[in-house]
>>> print(open('query.txt').read())   # compact mmCIF, N, CA and C atoms and all ligand atoms
# COMPACT_ATOMS: atom_id res chain seq x y z
N MET A 1 -17.51 11.33 38.79
CA MET A 1 -17.28 11.91 37.47
C MET A 1 -15.84 11.68 37.05
N LYS A 2 -15.64 11.28 35.79
CA LYS A 2 -14.29 11.06 35.29
C LYS A 2 -13.91 12.17 34.31
N ILE A 3 -12.65 12.54 34.33
CA ILE A 3 -12.14 13.48 33.34
C ILE A 3 -11.72 12.63 32.14
N THR A 4 -12.53 12.63 31.09
CA THR A 4 -12.26 11.72 29.97
C THR A 4 -11.43 12.39 28.89
N THR A 5 -11.58 13.69 28.74
CA THR A 5 -10.77 14.40 27.76
C THR A 5 -10.01 15.49 28.51
N THR A 6 -9.18 16.20 27.77
CA THR A 6 -8.44 17.28 28.39
C THR A 6 -9.42 18.28 29.01
N ILE A 7 -9.09 18.77 30.16
CA ILE A 7 -9.96 19.71 30.85
C ILE A 7 -10.13 20.97 29.98
N PRO A 8 -11.36 21.36 29.68
CA PRO A 8 -11.56 22.58 28.86
C PRO A 8 -11.05 23.82 29.60
N VAL A 9 -10.57 24.78 28.85
CA VAL A 9 -9.99 25.98 29.48
C VAL A 9 -11.01 26.72 30.34
N LEU A 10 -12.30 26.55 30.00
CA LEU A 10 -13.33 27.21 30.81
C LEU A 10 -13.37 26.67 32.24
N MET A 11 -12.75 25.51 32.45
CA MET A 11 -12.81 24.91 33.77
C MET A 11 -11.71 25.39 34.70
N MET A 12 -11.05 26.48 34.32
CA MET A 12 -10.17 27.15 35.26
C MET A 12 -10.91 28.40 35.73
N ALA A 13 -11.12 28.49 37.04
CA ALA A 13 -11.82 29.65 37.59
C ALA A 13 -10.90 30.86 37.54
N PRO A 14 -11.46 32.07 37.52
CA PRO A 14 -10.63 33.28 37.49
C PRO A 14 -9.56 33.27 38.58
N CYS A 15 -9.91 32.82 39.76
CA CYS A 15 -8.99 32.86 40.90
C CYS A 15 -7.89 31.81 40.81
N GLY A 16 -8.05 30.80 39.93
CA GLY A 16 -7.02 29.77 39.80
C GLY A 16 -7.47 28.39 40.23
N ILE A 17 -8.66 28.29 40.82
CA ILE A 17 -9.18 26.97 41.16
C ILE A 17 -9.43 26.18 39.88
N THR A 18 -9.08 24.90 39.90
CA THR A 18 -9.41 24.02 38.78
C THR A 18 -10.81 23.48 39.02
N CYS A 19 -11.79 24.10 38.32
CA CYS A 19 -13.19 23.72 38.54
C CYS A 19 -13.41 22.23 38.31
N ALA A 20 -12.68 21.65 37.37
CA ALA A 20 -12.87 20.23 37.03
C ALA A 20 -12.62 19.33 38.23
N ALA A 21 -11.79 19.77 39.17
CA ALA A 21 -11.48 18.95 40.34
C ALA A 21 -12.10 19.53 41.63
N CYS A 22 -13.04 20.45 41.45
CA CYS A 22 -13.71 21.05 42.62
C CYS A 22 -14.77 20.08 43.14
N TYR A 23 -14.89 20.01 44.44
CA TYR A 23 -15.89 19.09 45.03
C TYR A 23 -17.29 19.38 44.50
N ALA A 24 -17.59 20.65 44.21
CA ALA A 24 -18.93 21.02 43.75
C ALA A 24 -19.18 20.53 42.32
N HIS A 25 -18.09 20.32 41.58
CA HIS A 25 -18.24 19.83 40.20
C HIS A 25 -18.29 18.31 40.16
N VAL A 26 -17.52 17.63 40.97
CA VAL A 26 -17.42 16.16 40.87
C VAL A 26 -18.53 15.44 41.64
N ARG A 27 -19.27 16.18 42.47
CA ARG A 27 -20.33 15.50 43.21
C ARG A 27 -21.44 15.05 42.27
N LYS A 28 -22.13 14.00 42.67
CA LYS A 28 -23.17 13.42 41.82
C LYS A 28 -24.45 14.27 41.84
N LYS A 29 -24.73 14.86 42.98
CA LYS A 29 -25.97 15.60 43.13
C LYS A 29 -25.73 17.08 42.85
N ASN A 30 -26.52 17.66 41.97
CA ASN A 30 -26.40 19.07 41.61
C ASN A 30 -24.96 19.49 41.30
N PRO A 31 -24.31 18.81 40.37
CA PRO A 31 -22.92 19.21 40.09
C PRO A 31 -22.85 20.62 39.51
N CYS A 32 -21.89 21.37 39.99
CA CYS A 32 -21.69 22.74 39.51
C CYS A 32 -21.04 22.70 38.13
N PRO A 33 -21.53 23.49 37.17
CA PRO A 33 -20.94 23.46 35.83
C PRO A 33 -19.61 24.18 35.73
N GLY A 34 -19.21 24.88 36.79
CA GLY A 34 -17.95 25.62 36.76
C GLY A 34 -18.18 27.12 36.78
N CYS A 35 -17.27 27.84 37.40
CA CYS A 35 -17.41 29.29 37.58
C CYS A 35 -17.69 30.03 36.29
N ARG A 36 -17.04 29.60 35.21
CA ARG A 36 -17.13 30.37 33.97
C ARG A 36 -18.13 29.78 33.00
N SER A 37 -18.81 28.73 33.42
CA SER A 37 -19.83 28.14 32.56
C SER A 37 -21.01 29.09 32.45
N LEU A 38 -21.66 29.06 31.30
CA LEU A 38 -22.86 29.89 31.11
C LEU A 38 -24.11 29.14 31.56
N GLU A 39 -23.93 27.86 31.88
CA GLU A 39 -25.07 27.07 32.33
C GLU A 39 -25.49 27.49 33.74
N ALA A 40 -26.76 27.27 34.03
CA ALA A 40 -27.24 27.50 35.39
C ALA A 40 -26.75 26.37 36.27
N GLY A 41 -26.86 26.56 37.57
CA GLY A 41 -26.54 25.47 38.48
C GLY A 41 -25.35 25.72 39.37
N ARG A 42 -24.78 26.92 39.25
CA ARG A 42 -23.69 27.23 40.18
C ARG A 42 -24.29 27.48 41.56
N PRO A 43 -23.53 27.10 42.60
CA PRO A 43 -24.01 27.42 43.95
C PRO A 43 -24.12 28.93 44.11
N GLY A 44 -25.06 29.37 44.96
CA GLY A 44 -25.28 30.79 45.14
C GLY A 44 -24.04 31.56 45.54
N TYR A 45 -23.22 30.94 46.40
CA TYR A 45 -22.02 31.66 46.86
C TYR A 45 -21.05 31.87 45.72
N CYS A 46 -21.10 31.02 44.68
CA CYS A 46 -20.23 31.23 43.53
C CYS A 46 -20.78 32.34 42.63
N ASP A 47 -22.09 32.39 42.50
CA ASP A 47 -22.69 33.46 41.70
C ASP A 47 -22.38 34.82 42.30
N ARG A 48 -22.22 34.85 43.61
CA ARG A 48 -21.95 36.13 44.27
C ARG A 48 -20.45 36.37 44.48
N CYS A 49 -19.62 35.52 43.87
CA CYS A 49 -18.17 35.59 44.11
C CYS A 49 -17.60 36.95 43.71
N LYS A 50 -16.93 37.60 44.63
CA LYS A 50 -16.34 38.92 44.37
C LYS A 50 -15.27 38.83 43.29
N ILE A 51 -14.54 37.72 43.29
CA ILE A 51 -13.43 37.58 42.34
C ILE A 51 -13.97 37.41 40.92
N LYS A 52 -14.93 36.52 40.78
CA LYS A 52 -15.53 36.32 39.45
C LYS A 52 -16.16 37.61 38.94
N ASN A 53 -16.88 38.29 39.80
CA ASN A 53 -17.54 39.53 39.40
C ASN A 53 -16.52 40.62 39.05
N CYS A 54 -15.41 40.63 39.78
CA CYS A 54 -14.34 41.59 39.49
C CYS A 54 -13.75 41.32 38.11
N ALA A 55 -13.45 40.04 37.84
CA ALA A 55 -12.87 39.68 36.54
C ALA A 55 -13.84 40.05 35.42
N ASP A 56 -15.13 39.73 35.62
CA ASP A 56 -16.13 40.09 34.62
C ASP A 56 -16.13 41.60 34.38
N GLY A 57 -16.08 42.36 35.47
CA GLY A 57 -16.11 43.82 35.37
C GLY A 57 -14.91 44.38 34.63
N ARG A 58 -13.79 43.68 34.75
CA ARG A 58 -12.57 44.15 34.07
C ARG A 58 -12.44 43.56 32.67
N GLY A 59 -13.38 42.70 32.32
CA GLY A 59 -13.35 42.12 30.98
C GLY A 59 -12.25 41.10 30.77
N ILE A 60 -11.86 40.41 31.83
CA ILE A 60 -10.85 39.36 31.70
C ILE A 60 -11.45 38.03 32.16
N ASP A 61 -10.84 36.94 31.69
CA ASP A 61 -11.32 35.61 32.06
C ASP A 61 -10.66 35.12 33.34
N LEU A 62 -9.38 35.41 33.48
CA LEU A 62 -8.59 34.82 34.55
C LEU A 62 -7.76 35.89 35.25
N CYS A 63 -7.67 35.80 36.54
CA CYS A 63 -7.03 36.86 37.31
C CYS A 63 -5.58 37.13 36.92
N PHE A 64 -4.86 36.09 36.51
CA PHE A 64 -3.45 36.31 36.18
C PHE A 64 -3.27 37.20 34.95
N GLN A 65 -4.37 37.42 34.21
CA GLN A 65 -4.31 38.31 33.05
C GLN A 65 -4.42 39.78 33.46
N CYS A 66 -4.64 40.01 34.75
CA CYS A 66 -4.91 41.36 35.24
C CYS A 66 -3.61 42.03 35.69
N SER A 67 -3.51 43.34 35.45
CA SER A 67 -2.29 44.06 35.85
C SER A 67 -2.17 44.15 37.37
N ASP A 68 -3.27 43.94 38.07
CA ASP A 68 -3.23 43.99 39.54
C ASP A 68 -2.97 42.62 40.18
N PHE A 69 -2.77 41.58 39.39
CA PHE A 69 -2.56 40.23 39.93
C PHE A 69 -1.22 40.13 40.64
N PRO A 70 -1.14 39.55 41.81
CA PRO A 70 -2.27 39.10 42.64
C PRO A 70 -2.76 40.21 43.57
N CYS A 71 -4.01 40.58 43.43
CA CYS A 71 -4.59 41.64 44.25
C CYS A 71 -4.95 41.10 45.63
N ALA A 72 -5.47 41.95 46.49
CA ALA A 72 -5.81 41.55 47.86
C ALA A 72 -6.85 40.43 47.89
N LEU A 73 -7.82 40.49 46.98
CA LEU A 73 -8.86 39.45 46.93
C LEU A 73 -8.24 38.09 46.63
N VAL A 74 -7.35 38.07 45.65
CA VAL A 74 -6.71 36.82 45.25
C VAL A 74 -5.76 36.33 46.35
N LYS A 75 -5.05 37.26 46.96
CA LYS A 75 -4.14 36.86 48.04
C LYS A 75 -4.91 36.24 49.20
N HIS A 76 -6.08 36.78 49.44
CA HIS A 76 -6.91 36.29 50.54
C HIS A 76 -7.34 34.84 50.29
N ILE A 77 -7.88 34.57 49.10
CA ILE A 77 -8.34 33.21 48.82
C ILE A 77 -7.14 32.27 48.67
N ASP A 78 -6.04 32.79 48.15
CA ASP A 78 -4.82 31.97 48.03
C ASP A 78 -4.38 31.48 49.41
N LYS A 79 -4.40 32.38 50.38
CA LYS A 79 -3.99 32.01 51.73
C LYS A 79 -4.93 30.95 52.31
N ARG A 80 -6.23 31.15 52.06
CA ARG A 80 -7.21 30.20 52.55
C ARG A 80 -6.98 28.82 51.93
N TYR A 81 -6.70 28.79 50.63
CA TYR A 81 -6.49 27.51 49.96
C TYR A 81 -5.15 26.87 50.36
N ARG A 82 -4.14 27.68 50.57
CA ARG A 82 -2.87 27.12 51.03
C ARG A 82 -3.04 26.50 52.40
N THR A 83 -3.79 27.16 53.26
CA THR A 83 -3.98 26.69 54.62
C THR A 83 -4.87 25.45 54.66
N SER A 84 -6.00 25.51 53.95
CA SER A 84 -6.99 24.43 54.07
C SER A 84 -6.72 23.26 53.13
N TYR A 85 -6.16 23.55 51.94
CA TYR A 85 -6.06 22.49 50.93
C TYR A 85 -4.64 22.29 50.39
N GLN A 86 -3.68 23.03 50.93
CA GLN A 86 -2.29 22.91 50.46
C GLN A 86 -2.17 23.17 48.96
N ILE A 87 -2.96 24.12 48.49
CA ILE A 87 -2.93 24.50 47.07
C ILE A 87 -2.75 26.02 47.00
N SER A 88 -1.82 26.47 46.17
CA SER A 88 -1.67 27.91 45.97
C SER A 88 -2.33 28.31 44.66
N LEU A 89 -3.36 29.14 44.77
CA LEU A 89 -4.06 29.59 43.57
C LEU A 89 -3.22 30.60 42.80
N ILE A 90 -2.38 31.34 43.51
CA ILE A 90 -1.47 32.27 42.83
C ILE A 90 -0.46 31.48 42.00
N GLU A 91 0.06 30.40 42.57
CA GLU A 91 0.98 29.55 41.80
C GLU A 91 0.28 28.95 40.58
N ASN A 92 -0.98 28.57 40.74
CA ASN A 92 -1.74 28.07 39.59
C ASN A 92 -1.79 29.12 38.49
N GLY A 93 -2.08 30.36 38.88
CA GLY A 93 -2.16 31.45 37.91
C GLY A 93 -0.82 31.71 37.23
N LEU A 94 0.24 31.71 38.03
CA LEU A 94 1.57 31.95 37.47
C LEU A 94 1.98 30.83 36.52
N ARG A 95 1.61 29.59 36.91
CA ARG A 95 1.91 28.44 36.06
C ARG A 95 1.15 28.54 34.72
N ALA A 96 -0.12 28.89 34.83
CA ALA A 96 -0.94 29.01 33.61
C ALA A 96 -0.41 30.14 32.72
N ARG A 97 0.05 31.21 33.36
CA ARG A 97 0.60 32.32 32.58
C ARG A 97 1.90 31.90 31.88
N ALA A 98 2.69 31.07 32.57
CA ALA A 98 3.98 30.66 32.04
C ALA A 98 3.85 29.63 30.91
N VAL A 99 2.99 28.64 31.10
CA VAL A 99 2.95 27.53 30.14
C VAL A 99 1.67 27.51 29.31
N GLY A 100 0.74 28.38 29.63
CA GLY A 100 -0.56 28.39 28.94
C GLY A 100 -1.59 27.63 29.76
N VAL A 101 -2.82 28.07 29.62
CA VAL A 101 -3.90 27.47 30.41
C VAL A 101 -4.08 25.99 30.05
N GLU A 102 -3.99 25.68 28.74
CA GLU A 102 -4.19 24.28 28.32
C GLU A 102 -3.17 23.36 28.99
N GLN A 103 -1.91 23.75 28.93
CA GLN A 103 -0.85 22.91 29.51
C GLN A 103 -1.02 22.82 31.03
N HIS A 104 -1.31 23.94 31.66
CA HIS A 104 -1.53 23.93 33.11
C HIS A 104 -2.64 22.94 33.47
N LEU A 105 -3.72 22.95 32.69
CA LEU A 105 -4.84 22.06 32.99
C LEU A 105 -4.51 20.60 32.68
N ARG A 106 -3.62 20.37 31.72
CA ARG A 106 -3.16 18.99 31.50
C ARG A 106 -2.42 18.49 32.74
N GLU A 107 -1.63 19.36 33.33
CA GLU A 107 -0.91 18.99 34.55
C GLU A 107 -1.87 18.78 35.72
N GLU A 108 -2.87 19.64 35.78
CA GLU A 108 -3.88 19.48 36.82
C GLU A 108 -4.63 18.16 36.65
N GLN A 109 -4.94 17.83 35.40
CA GLN A 109 -5.65 16.59 35.11
C GLN A 109 -4.85 15.40 35.62
N THR A 110 -3.54 15.42 35.37
CA THR A 110 -2.68 14.34 35.85
C THR A 110 -2.71 14.28 37.37
N GLN A 111 -2.64 15.45 37.98
CA GLN A 111 -2.58 15.49 39.44
C GLN A 111 -3.87 14.97 40.09
N TRP A 112 -5.00 15.27 39.47
CA TRP A 112 -6.28 14.97 40.12
C TRP A 112 -7.00 13.76 39.53
N THR A 113 -6.25 12.92 38.83
CA THR A 113 -6.84 11.68 38.32
C THR A 113 -6.47 10.54 39.26
N CYS A 114 -7.45 9.77 39.66
CA CYS A 114 -7.24 8.66 40.59
C CYS A 114 -6.40 7.57 39.92
N ALA A 115 -5.32 7.18 40.57
CA ALA A 115 -4.44 6.15 40.02
C ALA A 115 -5.13 4.79 40.00
N GLU A 116 -6.11 4.64 40.85
CA GLU A 116 -6.81 3.36 40.99
C GLU A 116 -7.82 3.15 39.86
N CYS A 117 -8.67 4.15 39.61
CA CYS A 117 -9.81 3.92 38.71
C CYS A 117 -9.92 4.96 37.60
N GLY A 118 -9.08 5.99 37.61
CA GLY A 118 -9.17 7.01 36.58
C GLY A 118 -10.24 8.06 36.84
N GLY A 119 -10.90 7.96 37.99
CA GLY A 119 -11.89 8.96 38.38
C GLY A 119 -11.22 10.26 38.77
N THR A 120 -12.03 11.27 39.02
CA THR A 120 -11.49 12.56 39.40
C THR A 120 -11.38 12.67 40.92
N VAL A 121 -10.20 13.06 41.36
CA VAL A 121 -9.98 13.29 42.78
C VAL A 121 -10.32 14.75 43.08
N SER A 122 -11.12 14.99 44.08
CA SER A 122 -11.46 16.35 44.46
C SER A 122 -10.27 17.03 45.11
N LEU A 123 -9.96 18.22 44.64
CA LEU A 123 -8.83 18.96 45.22
C LEU A 123 -9.16 19.41 46.65
N HIS A 124 -10.44 19.42 46.98
CA HIS A 124 -10.82 19.88 48.32
C HIS A 124 -10.66 18.79 49.37
N ASN A 125 -11.18 17.60 49.08
CA ASN A 125 -11.06 16.54 50.10
C ASN A 125 -10.08 15.44 49.72
N LYS A 126 -9.43 15.60 48.55
CA LYS A 126 -8.38 14.66 48.12
C LYS A 126 -8.90 13.24 48.04
N THR A 127 -10.19 13.10 47.69
CA THR A 127 -10.80 11.78 47.62
C THR A 127 -11.39 11.57 46.23
N CYS A 128 -11.22 10.36 45.71
CA CYS A 128 -11.75 10.05 44.37
C CYS A 128 -13.27 10.05 44.40
N SER A 129 -13.85 10.75 43.42
CA SER A 129 -15.30 10.85 43.35
C SER A 129 -15.93 9.54 42.87
N GLU A 130 -15.12 8.66 42.31
CA GLU A 130 -15.66 7.41 41.78
C GLU A 130 -15.51 6.25 42.77
N CYS A 131 -14.29 6.02 43.23
CA CYS A 131 -14.05 4.83 44.04
C CYS A 131 -13.82 5.17 45.52
N GLY A 132 -13.73 6.45 45.82
CA GLY A 132 -13.59 6.84 47.21
C GLY A 132 -12.18 6.74 47.76
N ARG A 133 -11.23 6.38 46.89
CA ARG A 133 -9.85 6.24 47.33
C ARG A 133 -9.30 7.61 47.74
N SER A 134 -8.57 7.62 48.83
CA SER A 134 -7.96 8.87 49.29
C SER A 134 -6.58 9.01 48.68
N LEU A 135 -6.29 10.24 48.26
CA LEU A 135 -5.00 10.50 47.60
C LEU A 135 -3.86 10.43 48.60
N SER A 136 -4.14 10.79 49.82
CA SER A 136 -3.06 10.86 50.81
C SER A 136 -2.88 9.54 51.55
ZN ZN B 201 -10.83 6.15 42.05
>>> encode(input="query.txt", output="structure tokens")
Amino acid sequence: MKITTTIPVLMMAPCGITCAACYAHVRKKNPCPGCRSLEAGRPGYCDRCKIKNCADGRGIDLCFQCSDFPCALVKHIDKRYRTSYQISLIENGLRARAVGVEQHLREEQTQWTCAECGGTVSLHNKTCSECGRSLS
């Protein structure tokens, strides 16, 4: 899957993951429409996500909009992402809060676009979904 236009703001998950570059979104088979999409097709574990459900319950779209940000739930997933993927979701949220979600996602788009073919690089495995080129 290629990111052909600017990543829509809906493609930022409440926790700070860029859905547009998530392995579940870029895969060819059963691609996930994104945490905040109203379409069906999210993996079951995403439908049951405590963070998404918490944000919904508080009536906010993104965790950084919450007075409790970063709460224990967000800190937990942030640590997991820093450890496994070298990505800080808290930093993503702070960046989006500072420059706006649109600008943050423009930067994400630049980061996760394959230099070789323009395909989308998955933030999880750092591999281009189109040509298979590894970012590292
Ligand atoms: Zn590529």
>>> closest_residue(input="query.txt", among="A:Pro70, A:Gly100, A:Pro8, A:Gly41", to="Ser88 of chain A", atoms="only C-alpha atoms")
A:Pro70
>>> closest_atom_pairs(input="query.txt", of="chain A", to="ligand ZN 201 (chain B)", cutoff="12 Å", atoms="only C-alpha atoms and all ligand atoms", output="JSON lines")
{"residue": "A:Met1", "atom": "CA", "partner": "B:ZN201", "partner_atom": "ZN", "distance": 9.8}
{"residue": "A:Lys2", "atom": "CA", "partner": "B:ZN201", "partner_atom": "ZN", "distance": 9.0}
{"residue": "A:Ile3", "atom": "CA", "partner": "B:ZN201", "partner_atom": "ZN", "distance": 11.5}
{"residue": "A:Trp112", "atom": "CA", "partner": "B:ZN201", "partner_atom": "ZN", "distance": 10.1}
{"residue": "A:Thr113", "atom": "CA", "partner": "B:ZN201", "partner_atom": "ZN", "distance": 7.8}
{"residue": "A:Cys114", "atom": "CA", "partner": "B:ZN201", "partner_atom": "ZN", "distance": 4.6}
{"residue": "A:Ala115", "atom": "CA", "partner": "B:ZN201", "partner_atom": "ZN", "distance": 6.7}
{"residue": "A:Glu116", "atom": "CA", "partner": "B:ZN201", "partner_atom": "ZN", "distance": 5.0}
{"residue": "A:Cys117", "atom": "CA", "partner": "B:ZN201", "partner_atom": "ZN", "distance": 4.1}
{"residue": "A:Gly118", "atom": "CA", "partner": "B:ZN201", "partner_atom": "ZN", "distance": 5.8}
{"residue": "A:Gly119", "atom": "CA", "partner": "B:ZN201", "partner_atom": "ZN", "distance": 4.7}
{"residue": "A:Thr120", "atom": "CA", "partner": "B:ZN201", "partner_atom": "ZN", "distance": 7.0}
{"residue": "A:Val121", "atom": "CA", "partner": "B:ZN201", "partner_atom": "ZN", "distance": 7.2}
{"residue": "A:Ser122", "atom": "CA", "partner": "B:ZN201", "partner_atom": "ZN", "distance": 10.5}
{"residue": "A:Lys126", "atom": "CA", "partner": "B:ZN201", "partner_atom": "ZN", "distance": 10.7}
{"residue": "A:Thr127", "atom": "CA", "partner": "B:ZN201", "partner_atom": "ZN", "distance": 7.9}
{"residue": "A:Cys128", "atom": "CA", "partner": "B:ZN201", "partner_atom": "ZN", "distance": 4.6}
{"residue": "A:Ser129", "atom": "CA", "partner": "B:ZN201", "partner_atom": "ZN", "distance": 6.6}
{"residue": "A:Glu130", "atom": "CA", "partner": "B:ZN201", "partner_atom": "ZN", "distance": 5.0}
{"residue": "A:Cys131", "atom": "CA", "partner": "B:ZN201", "partner_atom": "ZN", "distance": 4.0}
{"residue": "A:Gly132", "atom": "CA", "partner": "B:ZN201", "partner_atom": "ZN", "distance": 5.9}
{"residue": "A:Arg133", "atom": "CA", "partner": "B:ZN201", "partner_atom": "ZN", "distance": 5.4}
{"residue": "A:Ser134", "atom": "CA", "partner": "B:ZN201", "partner_atom": "ZN", "distance": 8.2}
{"residue": "A:Leu135", "atom": "CA", "partner": "B:ZN201", "partner_atom": "ZN", "distance": 9.1}
>>> residues_around(input="query.txt", residues="segment 17-30 of chain A", least_positions_apart="4", cutoff="5 Å", atoms="only N, CA and C atoms", output="VMD selection string")
chain A and resid 11 to 13 122 to 123
>>> residues_around(input="query.txt", residues="segment 75-85 of chain A", least_positions_apart="6", cutoff="8 Å", atoms="all atoms listed in the file", output="PyMOL selection string")
chain A and resi 15+69+91+123-125
>>> select_by_dssp(input="query.txt", residues="segment 16-114 of chain A", states="helix (DSSP H, G or I)", output="count of residues only")
59
>>> select_by_dssp(input="query.txt", residues="chain A", states="strand (DSSP E or B)", output="list in words")
Lys2, Met12, Thr18, Thr113, Gly119, Thr120, Val121, Thr127, Cys128 and Ser134 of chain A
>>> atom_distance(input="query.txt", atom1="atom CA of Gly16 of chain A", atom2="atom CA of Cys63 of chain A")
7.5 Å
>>> closest_residue(input="query.txt", among="A:Ala98, A:Ile87, A:Leu105, A:Ile51", to="Leu10 of chain A", atoms="only C-alpha atoms")
A:Leu105
>>> residues_around(input="query.txt", residues="segment 54-61 of chain A", least_positions_apart="2", cutoff="12 Å", atoms="only C-alpha atoms", output="PyMOL selection string")
chain A and resi 9-16+35-37+47-52+63-69+71-74+93+101
